>>> print(open('start_2.tsv').read())   # TSV, N, CA and C atoms
chain	number	residue	atom	x	y	z
W	886	MET	N	-0.30	0.83	-20.51
W	886	MET	CA	0.50	1.40	-19.45
W	886	MET	C	-0.32	2.40	-18.62
W	887	MET	N	-1.17	3.17	-19.27
W	887	MET	CA	-1.99	4.14	-18.55
W	887	MET	C	-2.96	3.44	-17.59
W	888	ALA	N	-3.44	2.27	-18.00
W	888	ALA	CA	-4.35	1.52	-17.12
W	888	ALA	C	-3.63	1.12	-15.84
W	889	GLY	N	-2.39	0.66	-15.97
W	889	GLY	CA	-1.62	0.28	-14.79
W	889	GLY	C	-1.37	1.45	-13.87
W	890	ALA	N	-1.03	2.59	-14.45
W	890	ALA	CA	-0.81	3.80	-13.64
W	890	ALA	C	-2.09	4.21	-12.94
W	891	ALA	N	-3.21	4.13	-13.63
W	891	ALA	CA	-4.49	4.49	-13.02
W	891	ALA	C	-4.85	3.54	-11.89
W	892	VAL	N	-4.63	2.25	-12.10
W	892	VAL	CA	-4.94	1.26	-11.05
W	892	VAL	C	-4.05	1.49	-9.83
W	893	LEU	N	-2.78	1.79	-10.05
W	893	LEU	CA	-1.89	2.07	-8.92
W	893	LEU	C	-2.33	3.32	-8.16
W	894	ALA	N	-2.67	4.38	-8.88
W	894	ALA	CA	-3.08	5.63	-8.24
W	894	ALA	C	-4.40	5.47	-7.49
W	895	VAL	N	-5.39	4.88	-8.15
W	895	VAL	CA	-6.69	4.68	-7.50
W	895	VAL	C	-6.55	3.69	-6.35
W	896	GLY	N	-5.74	2.64	-6.55
W	896	GLY	CA	-5.50	1.69	-5.47
W	896	GLY	C	-4.88	2.35	-4.26
W	897	ALA	N	-3.93	3.26	-4.49
W	897	ALA	CA	-3.30	3.97	-3.37
W	897	ALA	C	-4.31	4.84	-2.64
W	898	LEU	N	-5.17	5.53	-3.39
W	898	LEU	CA	-6.18	6.38	-2.76
W	898	LEU	C	-7.19	5.56	-1.97
W	899	VAL	N	-7.69	4.50	-2.57
W	899	VAL	CA	-8.67	3.65	-1.88
W	899	VAL	C	-8.05	3.00	-0.65
W	900	TYR	N	-6.82	2.52	-0.79
W	900	TYR	CA	-6.12	1.89	0.34
W	900	TYR	C	-5.95	2.90	1.48
W	901	ALA	N	-5.59	4.13	1.15
W	901	ALA	CA	-5.44	5.16	2.18
W	901	ALA	C	-6.77	5.42	2.88
W	902	PHE	N	-7.86	5.50	2.13
W	902	PHE	CA	-9.16	5.74	2.75
W	902	PHE	C	-9.63	4.54	3.58
W	903	VAL	N	-9.31	3.33	3.14
W	903	VAL	CA	-9.66	2.14	3.92
W	903	VAL	C	-8.90	2.14	5.24
W	904	LEU	N	-7.61	2.43	5.19
W	904	LEU	CA	-6.82	2.46	6.42
W	904	LEU	C	-7.30	3.56	7.36
W	905	GLU	N	-7.68	4.70	6.81
W	905	GLU	CA	-8.22	5.79	7.63
W	905	GLU	C	-9.53	5.38	8.28
W	906	ALA	N	-10.41	4.75	7.51
W	906	ALA	CA	-11.69	4.30	8.07
W	906	ALA	C	-11.48	3.27	9.17
W	907	LEU	N	-10.53	2.37	8.96
W	907	LEU	CA	-10.24	1.38	9.99
W	907	LEU	C	-9.67	2.03	11.25
W	908	ARG	N	-8.84	3.03	11.08
W	908	ARG	CA	-8.27	3.72	12.23
W	908	ARG	C	-9.38	4.42	13.03
W	909	ARG	N	-10.36	4.98	12.33
W	909	ARG	CA	-11.48	5.64	13.03
W	909	ARG	C	-12.34	4.63	13.77
W	910	LYS	N	-12.47	3.41	13.23
W	910	LYS	CA	-13.31	2.38	13.86
W	910	LYS	C	-12.58	1.64	14.99
W	911	ASP	N	-11.28	1.83	15.08
W	911	ASP	CA	-10.50	1.11	16.08
W	911	ASP	C	-10.83	1.64	17.47
W	912	LYS	N	-11.57	0.86	18.23
W	912	LYS	CA	-11.98	1.28	19.56
W	912	LYS	C	-10.80	1.38	20.52
W	913	ALA	N	-9.71	0.70	20.20
W	913	ALA	CA	-8.54	0.71	21.07
W	913	ALA	C	-7.60	1.87	20.76
W	914	TYR	N	-7.84	2.62	19.67
W	914	TYR	CA	-6.93	3.69	19.29
W	914	TYR	C	-6.79	4.69	20.42
W	915	PRO	N	-5.65	5.12	20.79
W	915	PRO	CA	-4.35	4.99	20.15
W	915	PRO	C	-3.53	3.78	20.61
W	916	SER	N	-4.11	2.92	21.43
W	916	SER	CA	-3.37	1.72	21.85
W	916	SER	C	-3.09	0.83	20.65
W	917	THR	N	-1.98	0.12	20.69
W	917	THR	CA	-1.65	-0.84	19.63
W	917	THR	C	-1.73	-2.27	20.13
W	918	ALA	N	-2.22	-2.46	21.35
W	918	ALA	CA	-2.35	-3.81	21.90
W	918	ALA	C	-3.53	-4.51	21.25
W	919	PRO	N	-3.32	-5.68	20.63
W	919	PRO	CA	-4.43	-6.37	19.95
W	919	PRO	C	-5.60	-6.71	20.86
W	920	ALA	N	-5.33	-6.95	22.13
W	920	ALA	CA	-6.41	-7.31	23.06
W	920	ALA	C	-7.35	-6.14	23.34
W	921	ASP	N	-6.92	-4.92	23.03
W	921	ASP	CA	-7.76	-3.76	23.27
W	921	ASP	C	-8.78	-3.51	22.16
W	922	SER	N	-8.66	-4.21	21.03
W	922	SER	CA	-9.58	-4.04	19.90
W	922	SER	C	-10.70	-5.08	19.96
W	923	THR	N	-11.77	-4.81	19.22
W	923	THR	CA	-12.84	-5.79	19.13
W	923	THR	C	-12.36	-7.01	18.35
W	924	TRP	N	-13.06	-8.12	18.46
W	924	TRP	CA	-12.59	-9.38	17.89
W	924	TRP	C	-12.47	-9.33	16.37
W	925	TRP	N	-13.29	-8.56	15.70
W	925	TRP	CA	-13.31	-8.55	14.24
W	925	TRP	C	-12.33	-7.56	13.63
W	926	PHE	N	-11.76	-6.68	14.45
W	926	PHE	CA	-10.96	-5.59	13.90
W	926	PHE	C	-9.72	-6.09	13.15
W	927	GLY	N	-9.04	-7.07	13.69
W	927	GLY	CA	-7.86	-7.60	13.02
W	927	GLY	C	-8.19	-8.21	11.67
W	928	TYR	N	-9.34	-8.88	11.57
W	928	TYR	CA	-9.76	-9.45	10.30
W	928	TYR	C	-10.08	-8.35	9.28
W	929	ALA	N	-10.72	-7.29	9.74
W	929	ALA	CA	-11.04	-6.18	8.84
W	929	ALA	C	-9.76	-5.52	8.33
W	930	ARG	N	-8.79	-5.36	9.21
W	930	ARG	CA	-7.52	-4.77	8.79
W	930	ARG	C	-6.81	-5.67	7.80
W	931	ASP	N	-6.84	-6.99	8.05
W	931	ASP	CA	-6.22	-7.94	7.11
W	931	ASP	C	-6.91	-7.89	5.75
W	932	LEU	N	-8.23	-7.80	5.74
W	932	LEU	CA	-8.97	-7.72	4.48
W	932	LEU	C	-8.64	-6.42	3.73
W	933	GLY	N	-8.53	-5.32	4.45
W	933	GLY	CA	-8.15	-4.06	3.83
W	933	GLY	C	-6.75	-4.12	3.23
W	934	ASN	N	-5.82	-4.73	3.95
W	934	ASN	CA	-4.46	-4.88	3.43
W	934	ASN	C	-4.42	-5.80	2.22
W	935	LEU	N	-5.21	-6.85	2.25
W	935	LEU	CA	-5.27	-7.77	1.11
W	935	LEU	C	-5.83	-7.07	-0.13
W	936	ALA	N	-6.86	-6.27	0.07
W	936	ALA	CA	-7.45	-5.53	-1.06
W	936	ALA	C	-6.46	-4.53	-1.64
W	937	GLY	N	-5.76	-3.82	-0.77
W	937	GLY	CA	-4.74	-2.88	-1.24
W	937	GLY	C	-3.63	-3.59	-2.00
W	938	CYS	N	-3.18	-4.71	-1.47
W	938	CYS	CA	-2.13	-5.48	-2.13
W	938	CYS	C	-2.60	-6.00	-3.48
W	939	ALA	N	-3.83	-6.49	-3.55
W	939	ALA	CA	-4.36	-6.99	-4.82
W	939	ALA	C	-4.43	-5.88	-5.86
W	940	ALA	N	-4.82	-4.69	-5.44
W	940	ALA	CA	-4.87	-3.56	-6.39
W	940	ALA	C	-3.47	-3.22	-6.89
W	941	PHE	N	-2.50	-3.22	-6.01
W	941	PHE	CA	-1.13	-2.90	-6.42
W	941	PHE	C	-0.55	-3.97	-7.33
W	942	VAL	N	-0.79	-5.23	-7.02
W	942	VAL	CA	-0.31	-6.31	-7.89
W	942	VAL	C	-0.95	-6.19	-9.27
W	943	ALA	N	-2.25	-5.92	-9.31
W	943	ALA	CA	-2.94	-5.75	-10.59
W	943	ALA	C	-2.36	-4.56	-11.36
W	944	GLY	N	-2.07	-3.48	-10.67
W	944	GLY	CA	-1.50	-2.31	-11.32
W	944	GLY	C	-0.14	-2.61	-11.94
W	945	PHE	N	0.71	-3.31	-11.21
W	945	PHE	CA	2.02	-3.66	-11.77
W	945	PHE	C	1.88	-4.64	-12.93
W	946	TRP	N	0.94	-5.56	-12.83
W	946	TRP	CA	0.72	-6.50	-13.94
W	946	TRP	C	0.27	-5.75	-15.19
W	947	LEU	N	-0.64	-4.77	-14.99
W	947	LEU	CA	-1.10	-3.97	-16.12
W	947	LEU	C	0.01	-3.07	-16.69
W	948	LEU	N	1.02	-2.79	-15.89
W	948	LEU	CA	2.17	-2.04	-16.38
W	948	LEU	C	3.11	-2.89	-17.23
W	949	GLY	N	2.83	-4.19	-17.27
W	949	GLY	CA	3.65	-5.08	-18.08
W	949	GLY	C	4.64	-5.92	-17.27
W	950	PHE	N	4.56	-5.85	-15.95
W	950	PHE	CA	5.43	-6.68	-15.13
W	950	PHE	C	4.97	-8.14	-15.24
W	951	PRO	N	5.91	-9.08	-15.38
W	951	PRO	CA	5.51	-10.49	-15.32
W	951	PRO	C	4.89	-10.80	-13.94
W	952	PRO	N	4.04	-11.81	-13.85
W	952	PRO	CA	3.35	-12.08	-12.57
W	952	PRO	C	4.25	-12.17	-11.34
W	953	PRO	N	5.39	-12.90	-11.38
W	953	PRO	CA	6.20	-12.94	-10.15
W	953	PRO	C	6.71	-11.56	-9.71
W	954	GLU	N	7.15	-10.78	-10.68
W	954	GLU	CA	7.64	-9.45	-10.35
W	954	GLU	C	6.50	-8.52	-9.92
W	955	ALA	N	5.33	-8.70	-10.51
W	955	ALA	CA	4.17	-7.89	-10.13
W	955	ALA	C	3.78	-8.18	-8.67
W	956	VAL	N	3.85	-9.44	-8.28
W	956	VAL	CA	3.50	-9.80	-6.90
W	956	VAL	C	4.51	-9.18	-5.92
W	957	VAL	N	5.79	-9.32	-6.20
W	957	VAL	CA	6.81	-8.77	-5.30
W	957	VAL	C	6.70	-7.25	-5.23
W	958	ALA	N	6.53	-6.60	-6.38
W	958	ALA	CA	6.40	-5.15	-6.41
W	958	ALA	C	5.13	-4.70	-5.69
W	959	GLY	N	4.04	-5.41	-5.89
W	959	GLY	CA	2.78	-5.06	-5.24
W	959	GLY	C	2.84	-5.21	-3.73
W	960	VAL	N	3.43	-6.30	-3.28
W	960	VAL	CA	3.59	-6.51	-1.83
W	960	VAL	C	4.51	-5.44	-1.25
W	961	GLY	N	5.58	-5.15	-1.96
W	961	GLY	CA	6.51	-4.11	-1.48
W	961	GLY	C	5.84	-2.75	-1.38
W	962	LEU	N	5.06	-2.39	-2.39
W	962	LEU	CA	4.37	-1.11	-2.36
W	962	LEU	C	3.32	-1.08	-1.25
W	963	THR	N	2.67	-2.20	-1.01
W	963	THR	CA	1.70	-2.28	0.08
W	963	THR	C	2.39	-2.03	1.42
W	964	LEU	N	3.55	-2.65	1.62
W	964	LEU	CA	4.27	-2.46	2.88
W	964	LEU	C	4.72	-1.02	3.06
W	965	VAL	N	5.19	-0.40	2.00
W	965	VAL	CA	5.61	1.00	2.09
W	965	VAL	C	4.41	1.90	2.39
W	966	CYS	N	3.30	1.68	1.70
W	966	CYS	CA	2.10	2.48	1.94
W	966	CYS	C	1.58	2.29	3.36
W	967	TYR	N	1.58	1.06	3.84
W	967	TYR	CA	1.12	0.79	5.21
W	967	TYR	C	2.04	1.48	6.21
W	968	GLY	N	3.34	1.40	5.96
W	968	GLY	CA	4.30	2.06	6.85
W	968	GLY	C	4.10	3.57	6.88
W	969	LEU	N	3.88	4.17	5.71
W	969	LEU	CA	3.61	5.61	5.67
W	969	LEU	C	2.32	5.95	6.39
W	970	ASP	N	1.30	5.13	6.22
W	970	ASP	CA	0.04	5.35	6.92
W	970	ASP	C	0.25	5.28	8.43
W	971	TYR	N	1.00	4.31	8.87
W	971	TYR	CA	1.26	4.16	10.30
W	971	TYR	C	2.04	5.36	10.82
W	972	LEU	N	3.05	5.79	10.08
W	972	LEU	CA	3.85	6.94	10.49
W	972	LEU	C	3.00	8.20	10.58
W	973	VAL	N	2.22	8.46	9.54
W	973	VAL	CA	1.41	9.67	9.51
W	973	VAL	C	0.24	9.59	10.49
W	974	GLY	N	-0.42	8.43	10.55
W	974	GLY	CA	-1.62	8.29	11.37
W	974	GLY	C	-1.37	8.10	12.84
W	975	ARG	N	-0.30	7.43	13.19
W	975	ARG	CA	-0.03	7.16	14.60
W	975	ARG	C	1.25	7.80	15.09
W	976	GLY	N	2.29	7.76	14.27
W	976	GLY	CA	3.59	8.24	14.73
W	976	GLY	C	3.65	9.75	14.88
W	977	LEU	N	3.17	10.48	13.89
W	977	LEU	CA	3.26	11.94	13.92
W	977	LEU	C	2.10	12.59	14.65
W	978	ARG	N	1.01	11.86	14.79
W	978	ARG	CA	-0.19	12.35	15.52
W	978	ARG	C	-0.65	13.72	15.01
W	979	ILE	N	-0.78	13.83	13.70
W	979	ILE	CA	-1.31	15.07	13.15
W	979	ILE	C	-2.83	15.00	13.11
W	980	ARG	N	-3.46	16.15	13.09
W	980	ARG	CA	-4.93	16.19	13.16
W	980	ARG	C	-5.61	15.56	11.96
W	981	ARG	N	-5.12	15.83	10.77
W	981	ARG	CA	-5.74	15.31	9.55
W	981	ARG	C	-4.71	14.48	8.80
W	982	PRO	N	-4.56	13.21	9.18
W	982	PRO	CA	-3.53	12.40	8.54
W	982	PRO	C	-3.75	12.19	7.04
W	983	MET	N	-5.01	12.20	6.59
W	983	MET	CA	-5.27	11.99	5.17
W	983	MET	C	-4.73	13.14	4.32
W	984	ALA	N	-4.73	14.34	4.87
W	984	ALA	CA	-4.23	15.50	4.12
W	984	ALA	C	-2.73	15.36	3.85
W	985	ALA	N	-2.03	14.64	4.70
W	985	ALA	CA	-0.60	14.40	4.48
W	985	ALA	C	-0.36	13.10	3.73
W	986	LEU	N	-1.18	12.09	3.98
W	986	LEU	CA	-0.95	10.77	3.41
W	986	LEU	C	-1.25	10.70	1.92
W	987	VAL	N	-2.33	11.29	1.49
W	987	VAL	CA	-2.72	11.19	0.08
W	987	VAL	C	-1.64	11.76	-0.85
W	988	PRO	N	-1.11	12.96	-0.60
W	988	PRO	CA	-0.04	13.44	-1.48
W	988	PRO	C	1.22	12.56	-1.42
W	989	LEU	N	1.52	12.03	-0.24
W	989	LEU	CA	2.67	11.13	-0.12
W	989	LEU	C	2.49	9.89	-0.98
W	990	LEU	N	1.32	9.28	-0.92
W	990	LEU	CA	1.09	8.05	-1.69
W	990	LEU	C	1.03	8.33	-3.19
W	991	LEU	N	0.42	9.43	-3.57
W	991	LEU	CA	0.39	9.76	-5.00
W	991	LEU	C	1.79	10.09	-5.51
W	992	GLY	N	2.59	10.74	-4.70
W	992	GLY	CA	3.99	10.99	-5.07
W	992	GLY	C	4.77	9.70	-5.18
W	993	LEU	N	4.49	8.77	-4.28
W	993	LEU	CA	5.14	7.46	-4.34
W	993	LEU	C	4.77	6.73	-5.62
W	994	VAL	N	3.51	6.76	-5.99
W	994	VAL	CA	3.07	6.12	-7.24
W	994	VAL	C	3.72	6.80	-8.44
W	995	ALA	N	3.81	8.13	-8.41
W	995	ALA	CA	4.48	8.85	-9.50
W	995	ALA	C	5.95	8.43	-9.59
W	996	GLY	N	6.60	8.28	-8.45
W	996	GLY	CA	7.99	7.82	-8.44
W	996	GLY	C	8.13	6.41	-9.00
W	997	VAL	N	7.19	5.56	-8.65
W	997	VAL	CA	7.18	4.20	-9.19
W	997	VAL	C	7.02	4.23	-10.70
W	998	MET	N	6.16	5.09	-11.19
W	998	MET	CA	5.94	5.18	-12.64
W	998	MET	C	7.22	5.67	-13.34
W	999	LEU	N	7.90	6.62	-12.74
W	999	LEU	CA	9.13	7.13	-13.35
W	999	LEU	C	10.25	6.09	-13.33
W	1000	ALA	N	10.26	5.26	-12.31
W	1000	ALA	CA	11.34	4.28	-12.15
W	1000	ALA	C	10.90	2.87	-12.51
W	1001	ARG	N	9.78	2.71	-13.21
W	1001	ARG	CA	9.24	1.37	-13.46
W	1001	ARG	C	10.22	0.47	-14.20
W	1002	ALA	N	10.97	0.99	-15.17
W	1002	ALA	CA	11.92	0.16	-15.91
W	1002	ALA	C	13.03	-0.32	-14.99
W	1003	ALA	N	13.54	0.55	-14.15
W	1003	ALA	CA	14.60	0.17	-13.22
W	1003	ALA	C	14.08	-0.81	-12.17
W	1004	ILE	N	12.85	-0.61	-11.70
W	1004	ILE	CA	12.26	-1.53	-10.73
W	1004	ILE	C	12.10	-2.91	-11.36
W	1005	LEU	N	11.57	-2.95	-12.58
W	1005	LEU	CA	11.39	-4.23	-13.26
W	1005	LEU	C	12.72	-4.92	-13.48
W	1006	GLU	N	13.71	-4.18	-13.93
W	1006	GLU	CA	15.04	-4.76	-14.17
W	1006	GLU	C	15.63	-5.30	-12.87
W	1007	GLY	N	15.47	-4.55	-11.78
W	1007	GLY	CA	15.99	-5.00	-10.49
W	1007	GLY	C	15.29	-6.26	-10.00
W	1008	LEU	N	13.97	-6.31	-10.16
W	1008	LEU	CA	13.23	-7.50	-9.72
W	1008	LEU	C	13.57	-8.72	-10.58
W	1009	GLN	N	13.76	-8.51	-11.88
W	1009	GLN	CA	14.15	-9.63	-12.74
W	1009	GLN	C	15.55	-10.13	-12.39
W	1010	SER	N	16.46	-9.21	-12.08
W	1010	SER	CA	17.80	-9.60	-11.65
W	1010	SER	C	17.75	-10.38	-10.34
W	1011	LEU	N	16.89	-9.92	-9.43
W	1011	LEU	CA	16.74	-10.62	-8.16
W	1011	LEU	C	16.20	-12.03	-8.37
W	1012	ARG	N	15.22	-12.15	-9.25
W	1012	ARG	CA	14.66	-13.50	-9.52
W	1012	ARG	C	15.72	-14.40	-10.14
W	1013	THR	N	16.52	-13.87	-11.06
W	1013	THR	CA	17.58	-14.65	-11.69
W	1013	THR	C	18.61	-15.07	-10.64
W	1014	LEU	N	18.93	-14.18	-9.75
W	1014	LEU	CA	19.92	-14.48	-8.70
W	1014	LEU	C	19.41	-15.56	-7.75
W	1015	LEU	N	18.14	-15.47	-7.40
W	1015	LEU	CA	17.58	-16.41	-6.41
W	1015	LEU	C	17.18	-17.74	-7.01
W	1016	PHE	N	16.74	-17.74	-8.26
W	1016	PHE	CA	16.23	-18.98	-8.83
W	1016	PHE	C	16.99	-19.34	-10.07
>>> encode(input="start_2.tsv", output="structure tokens")
Amino acid sequence: MMAGAAVLAVGALVYAFVLEALRRKDKAYPSTAPADSTWWFGYARDLGNLAGCAAFVAGFWLLGFPPPEAVVAGVGLTLVCYGLDYLVGRGLRIRRPMAALVPLLLGLVAGVMLARAAILEGLQSLRTLLF
């Protein structure tokens, strides 16, 4: 269980730093129009999101989640982390977004750890309902 918690926490930190690095390299920033970025930027962002998602899925799997539930939980956590990064990095326009984002993501991971049994039970119920 500790390995899963560590993978989730380190994955959140690395994902936050990857998103920050990508935001700094975005030549179109603060524009959000895809045509304003260089040709490779979208691929780099996709690769960063895939790496973050893979870390989260691995973390949930190491926590004992069955693979289907680990994938859904990992994708969900990736979306929440990306949304928080977007809010902090672009929406709020604060000077040092990492100073706000890192505690938010670590708090989110701590919340996930505290609610892991309820999350797993909810995902298993959802799978039973759907399939």
>>> residues_around(input="start_2.tsv", residues="Thr963 of chain W", least_positions_apart="5", cutoff="9 Å", atoms="only C-alpha atoms", output="count of residues only")
9
>>> atom_distance(input="start_2.tsv", atom1="atom CA of Ala890 of chain W", atom2="atom N of Gly949 of chain W")
9.5 Å
>>> atom_distance(input="start_2.tsv", atom1="atom CA of Ala984 of chain W", atom2="atom CA of Leu964 of chain W")
19.9 Å
>>> residues_around(input="start_2.tsv", residues="Ala939 of chain W", least_positions_apart="5", cutoff="8 Å", atoms="all atoms listed in the file", output="VMD selection string")
chain W and resid 896 933 to 934 944 to 945 959 to 960 963
>>> atom_distance(input="start_2.tsv", atom1="atom C of Phe1016 of chain W", atom2="atom C of Ile1004 of chain W")
17.2 Å
>>> closest_residue(input="start_2.tsv", among="W:Met886, W:Pro988, W:Leu904, W:Met998", to="Arg975 of chain W", atoms="only C-alpha atoms")
W:Leu904
>>> residues_near_point(input="start_2.tsv", point="(7.3, -2.9, -17.8)", cutoff="6 Å", atoms="only N, CA and C atoms", output="list in words")
Leu948, Gly949, Phe950, Arg1001 and Ala1002 of chain W
>>> select_by_dssp(input="start_2.tsv", residues="chain W", states="helix (DSSP H, G or I)", output="ChimeraX atom specification")
/W:887-910,919-921,926-947,952-976,982-999,1001-1015
